[in-house]
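Colleague: First, the structure itself, so that you have it in front of you.
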Amino acid sequence: MKQYKYKVNEAEYDVTIKSIVGNKAQVEVNGIPFEVDMQGSSLVEENLPTVAATDAAAPAAAPAAPAAEAAPAAPAAAGPGAGAPVKAPLPGVVTAIPVKVGQAVKKGDTVLVLEAMKMENNITAEADGTVTGVCVAPGDSVMEGTVLLTIG
């Protein structure tokens, strides 16, 4: 078992790799267990680095974990834009993004739907503005505090 700490877009992740058998890894991200199907990797438990990584640009296990729960492949997210970030208020899975980059929104408009604990939660714009960036895609698993999109 190996433990790592990562910081991605100001969100902190504690990743524990419990085991790797073939191309399947049992990992825990911030206490949430995932079975990760590793693609194109010949990683084995004995070859994992022993030094914990901090402030990594991309965590080794965290991005793969959402893919284990994701439905069919979703288009890649556009990324953050200038403006105020809209962050996930709780961990969950993005089910819908009814807005697009460049679209004007009003305070209270639903900009994203997040499923958590088998309930759909409408994430709303906190102010009037224009969507300047979308950082996630439908099917993505997100942690609390993850930047979902930006409104400028």
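Identifiers in this document derive from the order of the structure tokens: chains are assigned A, B, ..., residues are numbered from 1 separately in each chain, and ligands are numbered from 1 in order of occurrence.
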So which residues touch Pro98 in chain A within 9 Å, counting only C-alpha atoms, skipping near sequence neighbours fewer than 3 positions away, as a short mmCIF file (atom, residue, chain, number, x, y, z; two decimals) with N, CA and C atoms, in the first residue's frame?
Modeller:
data_model
loop_
_atom_site.label_atom_id
_atom_site.label_comp_id
_atom_site.auth_asym_id
_atom_site.auth_seq_id
_atom_site.Cartn_x
_atom_site.Cartn_y
_atom_site.Cartn_z
N THR A 110 -29.38 27.51 -13.61
CA THR A 110 -28.68 26.23 -13.45
C THR A 110 -27.58 26.15 -14.50
N VAL A 111 -26.34 25.96 -14.04
CA VAL A 111 -25.20 25.88 -14.96
C VAL A 111 -24.61 24.48 -15.02
N LEU A 112 -25.00 23.59 -14.06
CA LEU A 112 -24.48 22.24 -14.02
C LEU A 112 -25.36 21.40 -13.11
N VAL A 113 -25.47 20.12 -13.41
CA VAL A 113 -26.22 19.20 -12.55
C VAL A 113 -25.21 18.17 -12.02
#
Colleague: Using Å and a single decimal, report how far CA of Val94 in chain A sits from CA of Thr146 in chain A.
Modeller: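 Separation of CA of Thr146 in chain A and CA of Val94 in chain A: 11.4 Å.
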Colleague: Just how far from CA of Lys118 in chain A is CA of Glu144 in chain A, in Å to one decimal?
Modeller: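 One can read the CA of Glu144 in chain A to CA of Lys118 in chain A distance as 16.1 Å.
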Colleague: Which residue is closest to Ile32 in chain A? Choose from A:Met1, A:Pro91, A:Gly129, A:Ala137 and count only C-alpha atoms.
Modeller: A:Pro91
Colleague: Could you check the closest approach to Met143 in chain A for each of A:Ala96, A:Ala84, A:Ala127, A:Ala11 and tell me which residue wins, using only C-alpha atoms?
Modeller: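 Closest to Met143 in chain A of all the choices is A:Ala11.
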Colleague: Do a neighbour search on Val27 in chain A at 8 Å with only C-alpha atoms, toss out local chain neighbours closer than 4 positions, and write the hits as a list in words.
Modeller: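 Counting only C-alpha atoms, the residues come to Val15, Thr16, Ile17, Lys18, Ser19, Pro33, Phe34, Glu35, Val36, Ala61 and Ala65 of chain A.
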Colleague: Only all heavy atoms, please: the residues just picked out, written as a short mmCIF file (atom, residue, chain, number, x, y, z; two decimals), in the first residue's frame.
Modeller:
data_model
loop_
_atom_site.label_atom_id
_atom_site.label_comp_id
_atom_site.auth_asym_id
_atom_site.auth_seq_id
_atom_site.Cartn_x
_atom_site.Cartn_y
_atom_site.Cartn_z
N VAL A 15 -4.31 10.12 -1.98
CA VAL A 15 -4.49 8.93 -2.81
C VAL A 15 -3.74 7.77 -2.17
O VAL A 15 -2.54 7.88 -1.88
CB VAL A 15 -3.96 9.17 -4.24
CG1 VAL A 15 -4.10 7.91 -5.08
CG2 VAL A 15 -4.68 10.34 -4.89
N THR A 16 -4.45 6.67 -1.95
CA THR A 16 -3.83 5.46 -1.43
C THR A 16 -4.02 4.37 -2.48
O THR A 16 -5.14 4.07 -2.87
CB THR A 16 -4.49 5.01 -0.11
OG1 THR A 16 -4.39 6.07 0.84
CG2 THR A 16 -3.83 3.76 0.44
N ILE A 17 -2.91 3.82 -2.94
CA ILE A 17 -2.97 2.69 -3.87
C ILE A 17 -2.89 1.44 -3.02
O ILE A 17 -1.85 1.14 -2.43
CB ILE A 17 -1.84 2.76 -4.91
CG1 ILE A 17 -1.93 4.06 -5.70
CG2 ILE A 17 -1.90 1.54 -5.84
CD1 ILE A 17 -0.80 4.29 -6.66
N LYS A 18 -4.01 0.73 -2.93
CA LYS A 18 -4.09 -0.44 -2.06
C LYS A 18 -3.47 -1.66 -2.71
O LYS A 18 -2.76 -2.41 -2.06
CB LYS A 18 -5.53 -0.70 -1.67
CG LYS A 18 -6.12 0.45 -0.86
CD LYS A 18 -7.31 0.00 -0.06
CE LYS A 18 -7.79 1.12 0.81
NZ LYS A 18 -7.33 1.00 2.17
N SER A 19 -3.77 -1.88 -4.00
CA SER A 19 -3.18 -3.02 -4.70
C SER A 19 -3.30 -2.83 -6.20
O SER A 19 -4.13 -2.07 -6.68
CB SER A 19 -3.90 -4.33 -4.30
OG SER A 19 -5.22 -4.33 -4.80
N PRO A 33 -13.30 4.68 -2.13
CA PRO A 33 -12.63 3.60 -2.86
C PRO A 33 -13.03 3.57 -4.34
O PRO A 33 -14.18 3.85 -4.69
CB PRO A 33 -13.12 2.34 -2.15
CG PRO A 33 -14.43 2.72 -1.54
CD PRO A 33 -14.34 4.20 -1.24
N PHE A 34 -12.06 3.25 -5.19
CA PHE A 34 -12.28 3.11 -6.63
C PHE A 34 -11.55 1.88 -7.12
O PHE A 34 -10.48 1.55 -6.61
CB PHE A 34 -11.73 4.33 -7.40
CG PHE A 34 -12.44 5.61 -7.14
CD1 PHE A 34 -11.95 6.52 -6.22
CD2 PHE A 34 -13.59 5.95 -7.84
CE1 PHE A 34 -12.58 7.72 -5.99
CE2 PHE A 34 -14.23 7.15 -7.62
CZ PHE A 34 -13.73 8.04 -6.68
N GLU A 35 -12.12 1.23 -8.12
CA GLU A 35 -11.39 0.21 -8.86
C GLU A 35 -11.04 0.85 -10.19
O GLU A 35 -11.91 1.25 -10.95
CB GLU A 35 -12.23 -1.04 -9.09
CG GLU A 35 -11.45 -2.11 -9.83
CD GLU A 35 -12.22 -3.41 -9.94
OE1 GLU A 35 -12.49 -4.03 -8.90
OE2 GLU A 35 -12.56 -3.78 -11.09
N VAL A 36 -9.75 0.97 -10.46
CA VAL A 36 -9.27 1.69 -11.64
C VAL A 36 -8.80 0.70 -12.68
O VAL A 36 -7.99 -0.18 -12.38
CB VAL A 36 -8.13 2.65 -11.26
CG1 VAL A 36 -7.59 3.37 -12.48
CG2 VAL A 36 -8.60 3.65 -10.21
N ALA A 61 -3.14 8.55 -9.81
CA ALA A 61 -4.32 7.71 -9.69
C ALA A 61 -5.62 8.49 -9.78
O ALA A 61 -6.62 7.95 -10.20
CB ALA A 61 -4.28 6.95 -8.36
N ALA A 65 -9.35 7.31 -11.60
CA ALA A 65 -10.44 6.87 -10.76
C ALA A 65 -11.81 7.29 -11.29
O ALA A 65 -12.71 6.47 -11.37
CB ALA A 65 -10.24 7.38 -9.33
#
Colleague: Counting only C-alpha atoms, which residue out of A:Val21, A:Gln103, A:Asp37, A:Thr95 sits closest to Ala116 in chain A?
Modeller: A:Thr95
Colleague: Would you kindly return, as a compact mmCIF listing (two decimals) with N, CA, C and O atoms, in the first residue's frame, each protein, DNA or RNA residue with an atom no farther than 7 Å from any atom of Lys107 in chain A, considering only C-alpha atoms and excluding same-chain residues fewer than 5 positions away?
Modeller:
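Contents of the output file part.txt:
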# COMPACT_ATOMS: atom_id res chain seq x y z
N ALA A 125 -25.62 29.66 -11.05
CA ALA A 125 -24.73 30.81 -11.18
C ALA A 125 -24.92 31.71 -9.96
O ALA A 125 -26.04 31.97 -9.55
N GLU A 126 -23.81 32.17 -9.40
CA GLU A 126 -23.88 33.04 -8.23
C GLU A 126 -24.00 34.51 -8.61
O GLU A 126 -24.25 35.35 -7.75
N ALA A 127 -23.81 34.80 -9.91
CA ALA A 127 -23.91 36.19 -10.38
C ALA A 127 -24.19 36.19 -11.88
O ALA A 127 -24.01 35.17 -12.54
N ASP A 128 -24.67 37.31 -12.39
CA ASP A 128 -24.84 37.46 -13.84
C ASP A 128 -23.47 37.45 -14.50
O ASP A 128 -22.49 37.90 -13.91
Colleague: As a list in words, please: the residues near Leu149 in chain A (cut-off 6 Å, only C-alpha atoms, same-chain neighbours under 4 positions excluded).
Modeller: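 Contacts, in chain order: Pro85, Val86, Gly133, Val134 and Cys135 of chain A.
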